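*Asks:* mmCIF, C-alpha atoms, saved as structure.cif, coming up:
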```
data_data
loop_
_atom_site.label_atom_id
_atom_site.label_comp_id
_atom_site.auth_asym_id
_atom_site.auth_seq_id
_atom_site.Cartn_x
_atom_site.Cartn_y
_atom_site.Cartn_z
CA MET A 18 -19.45 -7.67 -19.27
CA GLY A 19 -19.79 -10.97 -17.42
CA ARG A 20 -20.20 -12.44 -14.00
CA ILE A 21 -22.42 -11.16 -11.21
CA GLY A 22 -23.65 -12.76 -8.00
CA VAL A 23 -24.17 -12.40 -4.29
CA ASP A 24 -21.08 -12.76 -2.10
CA LEU A 25 -21.78 -14.17 1.36
CA TYR A 26 -18.68 -13.48 3.43
CA PRO A 27 -18.19 -14.80 6.98
CA LEU A 28 -18.13 -12.14 9.65
CA GLN A 29 -15.70 -14.30 11.62
CA THR A 30 -12.19 -14.59 10.18
CA GLY A 31 -9.96 -17.60 10.65
CA VAL A 32 -12.99 -19.87 11.19
CA PRO A 33 -13.88 -22.83 8.92
CA LEU A 34 -17.07 -22.28 6.97
CA ALA A 35 -18.82 -25.10 8.82
CA GLN A 36 -18.40 -23.18 12.06
CA VAL A 37 -19.30 -19.70 10.81
CA THR A 38 -22.48 -18.34 12.42
CA SER A 39 -23.04 -15.06 10.57
CA PHE A 40 -22.40 -13.64 7.11
CA GLY A 41 -22.38 -10.30 5.34
CA LYS A 42 -24.17 -10.02 2.00
CA PHE A 43 -22.45 -8.10 -0.82
CA LEU A 44 -22.65 -7.55 -4.54
CA GLY A 45 -20.04 -9.78 -6.20
CA GLY A 46 -18.69 -11.11 -9.47
CA SER A 47 -15.35 -9.89 -10.76
CA PRO A 48 -16.43 -7.66 -13.69
CA SER A 49 -19.24 -6.20 -11.61
CA ASN A 50 -16.74 -5.37 -8.86
CA VAL A 51 -14.44 -3.77 -11.45
CA ALA A 52 -17.34 -1.56 -12.56
CA VAL A 53 -17.97 -0.55 -8.93
CA ALA A 54 -14.27 0.18 -8.42
CA ALA A 55 -14.14 2.43 -11.49
CA ALA A 56 -17.36 4.19 -10.44
CA ARG A 57 -15.84 4.91 -7.01
CA LEU A 58 -13.00 6.67 -8.85
CA GLY A 59 -15.48 8.90 -10.70
CA ARG A 60 -16.05 6.96 -13.93
CA ARG A 61 -19.41 6.31 -15.56
CA THR A 62 -19.82 2.55 -15.69
CA ALA A 63 -22.35 -0.11 -16.61
CA VAL A 64 -22.45 -3.91 -16.50
CA VAL A 65 -23.74 -6.24 -19.21
CA THR A 66 -24.88 -9.31 -17.27
CA ARG A 67 -27.86 -11.39 -16.21
CA THR A 68 -29.36 -12.45 -12.89
CA GLY A 69 -32.15 -14.75 -11.83
CA ARG A 70 -35.66 -13.37 -11.67
CA ASP A 71 -35.61 -13.59 -7.88
CA PRO A 72 -35.01 -11.46 -4.77
CA PHE A 73 -31.23 -11.82 -5.03
CA GLY A 74 -31.39 -10.52 -8.61
CA ASP A 75 -33.42 -7.55 -7.41
CA TYR A 76 -30.84 -6.96 -4.68
CA LEU A 77 -27.95 -6.94 -7.18
CA ARG A 78 -29.62 -4.44 -9.50
CA ALA A 79 -30.41 -2.19 -6.55
CA GLU A 80 -26.80 -2.44 -5.33
CA LEU A 81 -25.43 -1.55 -8.75
CA GLY A 82 -27.57 1.58 -8.68
CA GLU A 83 -26.42 2.45 -5.17
CA PHE A 84 -22.81 2.21 -6.32
CA GLY A 85 -23.49 4.43 -9.34
CA VAL A 86 -23.26 1.61 -11.89
CA ASP A 87 -25.83 1.64 -14.71
CA ALA A 88 -27.92 -1.55 -14.37
CA ARG A 89 -30.01 -1.25 -17.53
CA TRP A 90 -28.13 -4.16 -19.17
CA ALA A 91 -28.32 -6.38 -16.04
CA THR A 92 -31.43 -8.31 -17.07
CA PRO A 93 -33.27 -11.20 -15.38
CA VAL A 94 -33.52 -14.77 -16.69
CA ASP A 95 -36.46 -17.05 -15.95
CA GLY A 96 -35.81 -20.43 -14.39
CA LEU A 97 -32.24 -19.92 -13.15
CA PRO A 98 -31.31 -18.76 -9.64
CA THR A 99 -29.02 -15.82 -9.03
CA PRO A 100 -25.64 -17.29 -8.03
CA VAL A 101 -24.22 -17.03 -4.53
CA THR A 102 -20.58 -17.42 -3.53
CA PHE A 103 -19.24 -18.23 -0.08
CA CYS A 104 -15.65 -17.79 1.01
CA GLU A 105 -13.49 -18.71 3.96
CA VAL A 106 -11.14 -16.07 5.33
CA PHE A 107 -7.78 -17.24 6.58
CA PRO A 108 -5.41 -14.26 6.34
CA PRO A 109 -2.96 -13.51 4.94
CA ASP A 110 -3.14 -15.78 1.88
CA ASP A 111 -5.83 -18.45 2.09
CA PHE A 112 -9.32 -17.49 0.88
CA PRO A 113 -11.13 -20.54 -0.55
CA LEU A 114 -14.16 -19.79 -2.71
CA TYR A 115 -17.29 -21.89 -3.03
CA PHE A 116 -19.37 -21.03 -6.11
CA TYR A 117 -23.04 -21.99 -6.26
CA ARG A 118 -23.85 -21.50 -9.94
CA LEU A 119 -25.99 -24.56 -10.74
CA PRO A 120 -27.79 -25.68 -12.79
CA LYS A 121 -26.30 -22.74 -14.69
CA ALA A 122 -25.47 -19.16 -13.84
CA PRO A 123 -27.75 -16.59 -15.51
CA ASP A 124 -24.70 -14.53 -16.54
CA LEU A 125 -23.78 -17.42 -18.87
CA GLU A 126 -27.11 -16.85 -20.66
CA LEU A 127 -25.93 -13.65 -22.35
CA ARG A 128 -26.91 -13.98 -26.02
CA GLU A 129 -25.37 -12.33 -29.05
CA GLY A 130 -28.71 -11.28 -30.53
CA GLU A 131 -29.69 -9.45 -27.34
CA LEU A 132 -26.51 -7.37 -26.98
CA ASP A 133 -26.61 -3.60 -27.34
CA LEU A 134 -23.67 -3.53 -29.74
CA GLU A 135 -23.98 0.22 -30.29
CA ALA A 136 -23.41 0.84 -26.58
CA ILE A 137 -20.57 -1.69 -26.50
CA ARG A 138 -18.85 -0.04 -29.47
CA GLY A 139 -19.32 3.40 -27.95
CA ALA A 140 -17.73 2.63 -24.58
CA ARG A 141 -14.34 4.22 -24.08
CA ILE A 142 -13.24 1.10 -22.25
CA PHE A 143 -14.82 -2.36 -22.43
CA TRP A 144 -13.92 -5.16 -20.01
CA VAL A 145 -14.61 -8.88 -20.46
CA THR A 146 -13.41 -11.93 -18.53
CA GLY A 147 -12.35 -15.48 -19.25
CA THR A 148 -15.32 -16.83 -17.31
CA GLY A 149 -17.62 -15.47 -20.00
CA LEU A 150 -15.98 -17.87 -22.46
CA CYS A 151 -16.57 -21.05 -20.44
CA ALA A 152 -20.02 -21.91 -21.82
CA GLU A 153 -22.51 -21.05 -24.54
CA PRO A 154 -24.32 -18.82 -25.29
CA SER A 155 -22.11 -16.48 -23.23
CA ARG A 156 -19.01 -17.53 -25.18
CA GLY A 157 -20.52 -16.51 -28.51
CA ALA A 158 -21.89 -13.30 -27.03
CA THR A 159 -18.53 -12.36 -25.50
CA LEU A 160 -16.67 -12.97 -28.75
CA ALA A 161 -19.34 -11.06 -30.71
CA ALA A 162 -18.93 -8.10 -28.36
CA LEU A 163 -15.15 -8.24 -28.80
CA ARG A 164 -15.51 -8.39 -32.58
CA ALA A 165 -17.80 -5.36 -32.46
CA ARG A 166 -14.98 -3.50 -30.69
CA SER A 167 -12.27 -4.60 -33.14
CA PHE A 168 -13.38 -2.76 -36.29
CA PRO A 169 -10.71 -0.41 -37.74
CA GLY A 170 -10.21 2.53 -35.40
CA ALA A 171 -12.15 0.99 -32.50
CA GLY A 172 -9.04 0.75 -30.37
CA ARG A 173 -7.93 4.32 -31.03
CA ALA A 174 -10.43 7.14 -31.27
CA PRO A 175 -9.70 9.64 -34.05
CA GLU A 176 -10.06 12.60 -31.73
CA ALA A 177 -9.96 13.30 -28.04
CA LEU A 178 -13.15 12.77 -26.09
CA PRO A 179 -14.38 15.25 -23.48
CA PRO A 180 -13.46 14.30 -19.91
CA ASP A 181 -16.05 12.68 -17.70
CA PRO A 182 -17.22 15.55 -15.44
CA ARG A 183 -17.34 13.19 -12.44
CA SER A 184 -13.78 11.96 -12.95
CA SER A 185 -11.10 12.91 -10.44
CA ASN A 186 -9.02 13.75 -13.52
CA ALA A 187 -11.68 15.92 -15.14
CA GLY A 188 -9.50 18.99 -14.99
CA GLY A 189 -6.69 17.31 -16.92
CA ALA A 190 -6.20 15.87 -20.38
CA GLU A 191 -8.08 12.63 -20.91
CA CYS A 192 -6.67 9.92 -23.17
CA ALA A 193 -8.16 9.81 -26.66
CA ALA A 194 -7.67 6.04 -27.02
CA ARG A 195 -10.32 3.41 -26.53
CA PHE A 196 -9.44 0.18 -24.74
CA THR A 197 -10.76 -3.37 -24.89
CA VAL A 198 -9.59 -5.27 -21.82
CA PHE A 199 -9.52 -9.06 -21.55
CA ASP A 200 -9.24 -10.12 -17.90
CA LEU A 201 -7.97 -13.71 -18.10
CA ASP A 202 -9.92 -14.56 -14.90
CA TRP A 203 -9.04 -18.28 -14.87
CA ARG A 204 -11.48 -20.23 -12.67
CA PRO A 205 -10.70 -23.95 -13.13
CA MET A 206 -14.03 -25.04 -11.62
CA PHE A 207 -15.82 -23.49 -14.61
CA TRP A 208 -13.82 -25.45 -17.23
CA GLY A 209 -13.38 -29.14 -17.99
CA ASP A 210 -9.90 -28.77 -19.47
CA PRO A 211 -7.30 -25.97 -19.50
CA GLU A 212 -6.63 -26.71 -23.17
CA GLU A 213 -10.24 -25.86 -23.99
CA ALA A 214 -9.80 -22.55 -22.21
CA ARG A 215 -6.52 -21.82 -24.01
CA GLY A 216 -8.13 -21.99 -27.46
CA ASN A 217 -10.91 -19.62 -26.44
CA TYR A 218 -8.47 -17.32 -24.68
CA ARG A 219 -6.34 -17.18 -27.81
CA GLU A 220 -9.32 -15.97 -29.86
CA ALA A 221 -10.23 -13.31 -27.29
CA LEU A 222 -6.64 -12.05 -27.10
CA GLY A 223 -6.70 -11.43 -30.83
CA LEU A 224 -9.68 -9.09 -30.36
CA ALA A 225 -8.50 -7.17 -27.27
CA THR A 226 -6.03 -4.33 -26.76
CA VAL A 227 -5.17 -5.01 -23.09
CA ALA A 228 -4.72 -8.33 -21.26
CA VAL A 229 -4.64 -8.64 -17.46
CA GLY A 230 -3.86 -11.74 -15.44
CA ASN A 231 -1.87 -13.35 -12.66
CA LEU A 232 0.84 -15.94 -13.31
CA ASP A 233 -1.55 -18.91 -13.23
CA GLU A 234 -3.91 -17.18 -15.65
CA CYS A 235 -1.08 -16.17 -17.97
CA GLU A 236 0.13 -19.76 -18.04
CA VAL A 237 -3.33 -21.01 -19.04
CA ALA A 238 -3.57 -18.37 -21.76
CA THR A 239 -0.05 -18.66 -23.20
CA GLY A 240 1.56 -21.85 -21.91
CA VAL A 241 4.41 -19.92 -20.24
CA ARG A 242 4.77 -18.73 -16.67
CA GLU A 243 7.89 -16.57 -16.47
CA PRO A 244 6.49 -13.02 -16.17
CA ARG A 245 8.34 -11.26 -18.98
CA ALA A 246 7.90 -14.22 -21.33
CA ALA A 247 4.20 -14.37 -20.47
CA ALA A 248 3.80 -10.66 -21.17
CA GLU A 249 5.54 -11.03 -24.53
CA ALA A 250 3.34 -14.02 -25.35
CA LEU A 251 0.19 -12.02 -24.57
CA ILE A 252 1.41 -9.24 -26.85
CA GLY A 253 2.19 -11.85 -29.47
CA GLY A 254 -1.43 -12.96 -29.13
CA GLY A 255 -2.60 -9.56 -30.31
CA VAL A 256 -2.88 -7.11 -27.42
CA GLU A 257 -1.06 -3.78 -27.13
CA LEU A 258 -0.56 -3.92 -23.35
CA ALA A 259 0.05 -6.94 -21.12
CA VAL A 260 -0.36 -6.59 -17.34
CA VAL A 261 1.03 -9.53 -15.35
CA LYS A 262 0.20 -9.60 -11.65
CA GLN A 263 2.96 -11.33 -9.65
CA GLY A 264 1.49 -11.33 -6.14
CA PRO A 265 4.16 -10.44 -3.55
CA LYS A 266 6.56 -9.50 -6.36
CA GLY A 267 4.27 -6.73 -7.60
CA VAL A 268 3.06 -6.13 -11.14
CA LEU A 269 4.75 -6.12 -14.53
CA ALA A 270 3.29 -4.14 -17.44
CA VAL A 271 4.73 -4.36 -20.95
CA HIS A 272 3.51 -2.32 -23.92
CA ARG A 273 4.01 -3.28 -27.54
CA ASP A 274 5.93 -0.02 -28.07
CA GLY A 275 8.65 -1.24 -25.69
CA THR A 276 7.54 0.61 -22.56
CA VAL A 277 7.97 -1.51 -19.42
CA ALA A 278 6.83 -0.77 -15.88
CA GLU A 279 7.55 -3.10 -12.96
CA VAL A 280 6.14 -1.88 -9.68
CA ALA A 281 6.54 -3.35 -6.20
CA PRO A 282 3.42 -4.09 -4.14
CA VAL A 283 2.15 -1.78 -1.42
CA PRO A 284 2.79 -3.29 2.05
CA VAL A 285 -0.50 -4.19 3.67
CA GLU A 286 -1.90 -6.28 6.51
CA VAL A 287 -4.21 -8.54 4.53
CA VAL A 288 -7.73 -9.11 5.83
CA ASN A 289 -9.29 -10.56 2.66
CA GLY A 290 -7.37 -10.73 -0.61
CA LEU A 291 -10.33 -11.60 -2.83
CA GLY A 292 -11.34 -8.10 -3.96
CA ALA A 293 -7.86 -6.70 -4.48
CA GLY A 294 -7.66 -7.73 -8.15
CA ASP A 295 -11.01 -6.11 -8.91
CA ALA A 296 -9.95 -2.86 -7.26
CA PHE A 297 -6.75 -3.06 -9.31
CA GLY A 298 -8.89 -3.50 -12.43
CA GLY A 299 -11.11 -0.51 -11.76
CA ALA A 300 -8.06 1.65 -11.06
CA LEU A 301 -6.37 0.34 -14.20
CA CYS A 302 -9.39 1.49 -16.22
CA HIS A 303 -9.28 4.89 -14.54
CA GLY A 304 -5.57 5.37 -15.20
CA LEU A 305 -5.76 4.25 -18.82
CA LEU A 306 -8.63 6.63 -19.53
CA ALA A 307 -6.78 9.44 -17.77
CA GLY A 308 -3.84 8.98 -20.13
CA TRP A 309 -1.28 8.52 -17.36
CA GLU A 310 2.17 7.10 -18.01
CA LEU A 311 2.30 3.34 -17.51
CA GLU A 312 4.22 3.33 -14.22
CA ARG A 313 1.80 5.79 -12.65
CA VAL A 314 -1.16 3.62 -13.71
CA MET A 315 0.44 0.55 -12.12
CA ARG A 316 1.28 2.34 -8.87
CA TYR A 317 -2.24 3.70 -8.59
CA ALA A 318 -3.81 0.30 -9.31
CA ASN A 319 -1.51 -1.40 -6.79
CA ALA A 320 -2.54 1.10 -4.12
CA ALA A 321 -6.25 0.56 -4.82
CA GLY A 322 -5.79 -3.20 -4.60
CA ALA A 323 -3.92 -2.94 -1.31
CA ILE A 324 -6.70 -0.89 0.24
CA VAL A 325 -9.30 -3.54 -0.54
CA ALA A 326 -7.00 -6.35 0.66
CA SER A 327 -7.01 -4.61 4.05
CA ARG A 328 -10.83 -4.82 4.26
CA LEU A 329 -13.29 -7.71 4.56
CA ALA A 330 -15.71 -6.90 1.74
CA CYS A 331 -15.16 -6.51 -2.00
CA SER A 332 -17.65 -4.21 -3.73
CA SER A 333 -18.39 -1.98 -0.76
CA ALA A 334 -14.66 -1.82 0.07
CA MET A 335 -13.64 -0.20 -3.21
CA PRO A 336 -11.68 2.99 -2.48
CA PHE A 337 -12.40 6.59 -3.36
CA PRO A 338 -9.71 8.75 -5.02
CA ALA A 339 -8.64 10.48 -1.80
CA GLU A 340 -8.00 7.11 -0.16
CA VAL A 341 -5.80 5.95 -3.03
CA GLU A 342 -3.86 9.21 -3.05
CA ARG A 343 -3.28 8.95 0.68
CA VAL A 344 -1.68 5.52 0.25
CA LEU A 345 0.45 6.77 -2.64
CA GLU A 346 1.69 9.55 -0.36
CA GLY A 347 2.89 6.97 2.18
CA GLY A 348 -0.22 6.35 4.26
CA ARG A 349 -1.38 2.90 5.37
CA ALA A 350 -3.67 0.91 3.12
#
```
For the structure just supplied, provide its representation as structure tokens.

*Replies:*
Amino acid sequence: MGRIGVDLYPLQTGVPLAQVTSFGKFLGGSPSNVAVAAARLGRRTAVVTRTGRDPFGDYLRAELGEFGVDARWATPVDGLPTPVTFCEVFPPDDFPLYFYRLPKAPDLELREGELDLEAIRGARIFWVTGTGLCAEPSRGATLAALRARSFPGAGRAPEALPPDPRSSNAGGAECAARFTVFDLDWRPMFWGDPEEARGNYREALGLATVAVGNLDECEVATGVREPRAAAEALIGGGVELAVVKQGPKGVLAVHRDGTVAEVAPVPVEVVNGLGAGDAFGGALCHGLLAGWELERVMRYANAAGAIVASRLACSSAMPFPAEVERVLEGGRA
């Protein structure tokens, strides 16, 4: 649930945006990319979002369908343009983003009264982002969706669910738990004050079972930056599992039951680092639903992220299971 837009990525790398002469057009928006990533791994996914009632909105709904993501809850809004985002590509670690979301992004026009709460409650995993909290009515809608997930038993299903027949894990035992994931997704340009974000983040953490963020995002959410302390603070905020992404130091995952997994990154020649976190998110969803042990989930998600970091695009670069397995077996990302 959350952001969607059109990514316009330069087809020349290492060139300032003012000098770029050609662009590729891609589906974008972090939660939408996460849905694509999970669909590539065999999961049935959908996005709750809004676009403009314009050709770019039509393009995004068509792309969702092409990627196997259910677009029935991606509805148009009158009077607001579908957002576009440009980036500059300076490998290995400089990828400035330029968001065009004015006068207001349609995905911030999600309204509580229009949500399909039955579908939201029924999802085995539900993913929201911090961006959805930055403005009304999206903030109220996001919190309402999280509250709908937090009724007794919503985080843990009473009995195992049948495996998704399209899943690469369909022959194995699927996890019976349900998960509500809060992706901290800190974008300072969408907020006036980090303190305003922290209060809203605190409320969302109390309604989620999993929190995911990098060190900057964890600091905004908790006030602390040291990885283990940040993970403990996220758990103290209410989640069962905290996933702290540490960039070149890898990823740290801490569960409330005391389980800890710290996994080194996969070596990769970075082309564009912008989609790696979304690939990580889709793979995280896949691993959680598969019921894998925590370290295996983190290794798989790291591999998926590395693959996308080695490619220019985001949504269309999301890996298939065989590609992830090849990297885990020692192949190049």

*Asks:* Excluding same-chain residues fewer than 5 positions from Asp295 (chain A), what lies within 7 Å of it counting all atoms listed in the file, as an mmCIF file with C-alpha atoms, in the frame of the given file?

*Replies:*
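Output (out-v2.cif):
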```
data_model
loop_
_atom_site.group_PDB
_atom_site.id
_atom_site.type_symbol
_atom_site.label_atom_id
_atom_site.label_comp_id
_atom_site.auth_asym_id
_atom_site.auth_seq_id
_atom_site.Cartn_x
_atom_site.Cartn_y
_atom_site.Cartn_z
ATOM 1 C CA SER A 47 -15.350 -9.890 -10.760
ATOM 2 C CA ASN A 50 -16.740 -5.370 -8.860
ATOM 3 C CA VAL A 51 -14.440 -3.770 -11.450
#
```

*Asks:* Please write as JSON, numbers by chain the full residue list that the PyMOL selection byres ((chain A and resi 260) around 6) yields on this file.

*Replies:* {"A": [229, 259, 261, 269, 270]}

*Asks:* Which residue, A:Ala307, A:Leu114, A:Leu34, A:Ala320, has the smallest gap to Met206 (chain A) when you use only C-alpha atoms?

*Replies:*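 Using only C-alpha atoms, Met206 (chain A) sits closest to A:Leu114.
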
*Asks:* Quick one: residues within 8 Å of Thr159 (chain A), all atoms listed in the file, excluding same-chain residues fewer than 2 positions away - as a PDB file with C-alpha atoms, keeping the file's coordinate frame?

*Replies:*
```pdb
ATOM      1  CA  MET A  18     -19.450  -7.670 -19.270  1.00  0.00           C
ATOM      2  CA  GLU A 129     -25.370 -12.330 -29.050  1.00  0.00           C
ATOM      3  CA  VAL A 145     -14.610  -8.880 -20.460  1.00  0.00           C
ATOM      4  CA  GLY A 149     -17.620 -15.470 -20.000  1.00  0.00           C
ATOM      5  CA  LEU A 150     -15.980 -17.870 -22.460  1.00  0.00           C
ATOM      6  CA  SER A 155     -22.110 -16.480 -23.230  1.00  0.00           C
ATOM      7  CA  ARG A 156     -19.010 -17.530 -25.180  1.00  0.00           C
ATOM      8  CA  GLY A 157     -20.520 -16.510 -28.510  1.00  0.00           C
ATOM      9  CA  ALA A 161     -19.340 -11.060 -30.710  1.00  0.00           C
ATOM     10  CA  ALA A 162     -18.930  -8.100 -28.360  1.00  0.00           C
ATOM     11  CA  LEU A 163     -15.150  -8.240 -28.800  1.00  0.00           C
TER      12      LEU A 163
END
```

*Asks:* How would you write, as a ChimeraX atom specification, the residues chosen by the PyMOL selection byres ((chain A and resi 279-283) around 7) on this structure?

*Replies:* /A:265-270,277-278,284-285,315-316,319-320,323

*Asks:* Limited to C-alpha atoms, could you put the picked residues into a file as a CSV table (one decimal), in the frame of the given file?

*Replies:*
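Final output, saved to out26.csv:
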```csv
chain,number,residue,atom,x,y,z
A,265,PRO,CA,4.2,-10.4,-3.6
A,266,LYS,CA,6.6,-9.5,-6.4
A,267,GLY,CA,4.3,-6.7,-7.6
A,268,VAL,CA,3.1,-6.1,-11.1
A,269,LEU,CA,4.8,-6.1,-14.5
A,270,ALA,CA,3.3,-4.1,-17.4
A,277,VAL,CA,8.0,-1.5,-19.4
A,278,ALA,CA,6.8,-0.8,-15.9
A,284,PRO,CA,2.8,-3.3,2.0
A,285,VAL,CA,-0.5,-4.2,3.7
A,315,MET,CA,0.4,0.6,-12.1
A,316,ARG,CA,1.3,2.3,-8.9
A,319,ASN,CA,-1.5,-1.4,-6.8
A,320,ALA,CA,-2.5,1.1,-4.1
A,323,ALA,CA,-3.9,-2.9,-1.3
```

*Asks:* I'd like the contact shell of Asn217 (chain A) - 10 Å cut-off, only C-alpha atoms, skipping same-chain residues fewer than 4 positions apart - returned as a list in words.

*Replies:*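 My reading of the contact set: Gly147, Leu150, Cys151, Arg156, Leu160, Glu212, Glu213, Ala221, Leu222 and Ala238 of chain A.
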
*Asks:* Evaluate the PyMOL selection byres ((chain A and resi 74) around 10) on the structure here and hand back the selected residues as a tab-separated table (two decimals) with C-alpha atoms, in the frame of the given file.

*Replies:*
```tsv
chain	number	residue	atom	x	y	z
A	21	ILE	CA	-22.42	-11.16	-11.21
A	22	GLY	CA	-23.65	-12.76	-8.00
A	23	VAL	CA	-24.17	-12.40	-4.29
A	67	ARG	CA	-27.86	-11.39	-16.21
A	68	THR	CA	-29.36	-12.45	-12.89
A	69	GLY	CA	-32.15	-14.75	-11.83
A	70	ARG	CA	-35.66	-13.37	-11.67
A	71	ASP	CA	-35.61	-13.59	-7.88
A	72	PRO	CA	-35.01	-11.46	-4.77
A	73	PHE	CA	-31.23	-11.82	-5.03
A	75	ASP	CA	-33.42	-7.55	-7.41
A	76	TYR	CA	-30.84	-6.96	-4.68
A	77	LEU	CA	-27.95	-6.94	-7.18
A	78	ARG	CA	-29.62	-4.44	-9.50
A	79	ALA	CA	-30.41	-2.19	-6.55
A	80	GLU	CA	-26.80	-2.44	-5.33
A	91	ALA	CA	-28.32	-6.38	-16.04
A	92	THR	CA	-31.43	-8.31	-17.07
A	93	PRO	CA	-33.27	-11.20	-15.38
A	94	VAL	CA	-33.52	-14.77	-16.69
A	98	PRO	CA	-31.31	-18.76	-9.64
A	99	THR	CA	-29.02	-15.82	-9.03
A	100	PRO	CA	-25.64	-17.29	-8.03
A	123	PRO	CA	-27.75	-16.59	-15.51
```

*Asks:* List every protein, DNA or RNA residue that has at least one atom no more than 12 Å from (3.9, -14.9, 6.5) in the file's coordinates, counting only C-alpha atoms, and write the result as a ChimeraX atom specification.

*Replies:* /A:107-111,265,285-287

*Asks:* Can I get the selected residues back with C-alpha atoms, as a compact mmCIF listing (two decimals), in the coordinates of the input?

*Replies:*
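As a result, result-v2.txt now contains:
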```
# COMPACT_ATOMS: atom_id res chain seq x y z
CA PHE A 107 -7.78 -17.24 6.58
CA PRO A 108 -5.41 -14.26 6.34
CA PRO A 109 -2.96 -13.51 4.94
CA ASP A 110 -3.14 -15.78 1.88
CA ASP A 111 -5.83 -18.45 2.09
CA PRO A 265 4.16 -10.44 -3.55
CA VAL A 285 -0.50 -4.19 3.67
CA GLU A 286 -1.90 -6.28 6.51
CA VAL A 287 -4.21 -8.54 4.53
```

*Asks:* Restricting the calculation to only C-alpha atoms, which member of A:Val344, A:Ala54, A:Leu291, A:Leu306 is positioned closest to Leu329 (chain A)?

*Replies:*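 So, comparing all the options, the nearest one is A:Leu291.
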
*Asks:* Identify, on the basis of all atoms listed in the file, every residue whose closest approach to Trp309 (chain A) does not exceed 12 Å; exclude the query and any residue fewer than 3 positions from it along the same chain; express the result as an MDAnalysis selection string.

*Replies:* chainID A and resid 186 189:194 300:306 312:318

*Asks:* CA of Gly254 (chain A) to CA of Tyr218 (chain A): how many Å, to one decimal?

*Replies:* 9.4 Å

*Asks:* Regenerate region 239-253 of chain A at the level of N, CA and C atoms and dump it as a compact mmCIF listing (two decimals), in the coordinates of the input.

*Replies:*
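Output below, filename out26.txt:
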```txt
# COMPACT_ATOMS: atom_id res chain seq x y z
N THR A 239 -1.21 -18.68 -22.29
CA THR A 239 -0.05 -18.66 -23.20
C THR A 239 0.81 -19.90 -23.15
N GLY A 240 0.71 -20.69 -22.06
CA GLY A 240 1.56 -21.85 -21.91
C GLY A 240 2.89 -21.54 -21.25
N VAL A 241 3.16 -20.29 -20.92
CA VAL A 241 4.41 -19.92 -20.24
C VAL A 241 4.09 -19.18 -18.95
N ARG A 242 5.03 -19.27 -18.00
CA ARG A 242 4.77 -18.73 -16.67
C ARG A 242 5.73 -17.62 -16.27
N GLU A 243 6.94 -17.62 -16.82
CA GLU A 243 7.89 -16.57 -16.47
C GLU A 243 7.30 -15.22 -16.85
N PRO A 244 7.28 -14.23 -15.94
CA PRO A 244 6.49 -13.02 -16.17
C PRO A 244 6.78 -12.29 -17.46
N ARG A 245 8.05 -12.02 -17.76
CA ARG A 245 8.34 -11.26 -18.98
C ARG A 245 7.98 -12.07 -20.22
N ALA A 246 8.26 -13.38 -20.19
CA ALA A 246 7.90 -14.22 -21.33
C ALA A 246 6.39 -14.29 -21.51
N ALA A 247 5.66 -14.35 -20.39
CA ALA A 247 4.20 -14.37 -20.47
C ALA A 247 3.67 -13.07 -21.06
N ALA A 248 4.23 -11.95 -20.62
CA ALA A 248 3.80 -10.66 -21.17
C ALA A 248 4.05 -10.59 -22.67
N GLU A 249 5.22 -11.05 -23.09
CA GLU A 249 5.54 -11.03 -24.53
C GLU A 249 4.61 -11.96 -25.29
N ALA A 250 4.25 -13.09 -24.69
CA ALA A 250 3.34 -14.02 -25.35
C ALA A 250 1.95 -13.42 -25.49
N LEU A 251 1.50 -12.69 -24.48
CA LEU A 251 0.19 -12.02 -24.57
C LEU A 251 0.20 -10.98 -25.67
N ILE A 252 1.30 -10.22 -25.77
CA ILE A 252 1.41 -9.24 -26.85
C ILE A 252 1.46 -9.95 -28.20
N GLY A 253 2.17 -11.07 -28.24
CA GLY A 253 2.19 -11.85 -29.47
C GLY A 253 0.81 -12.36 -29.85
```
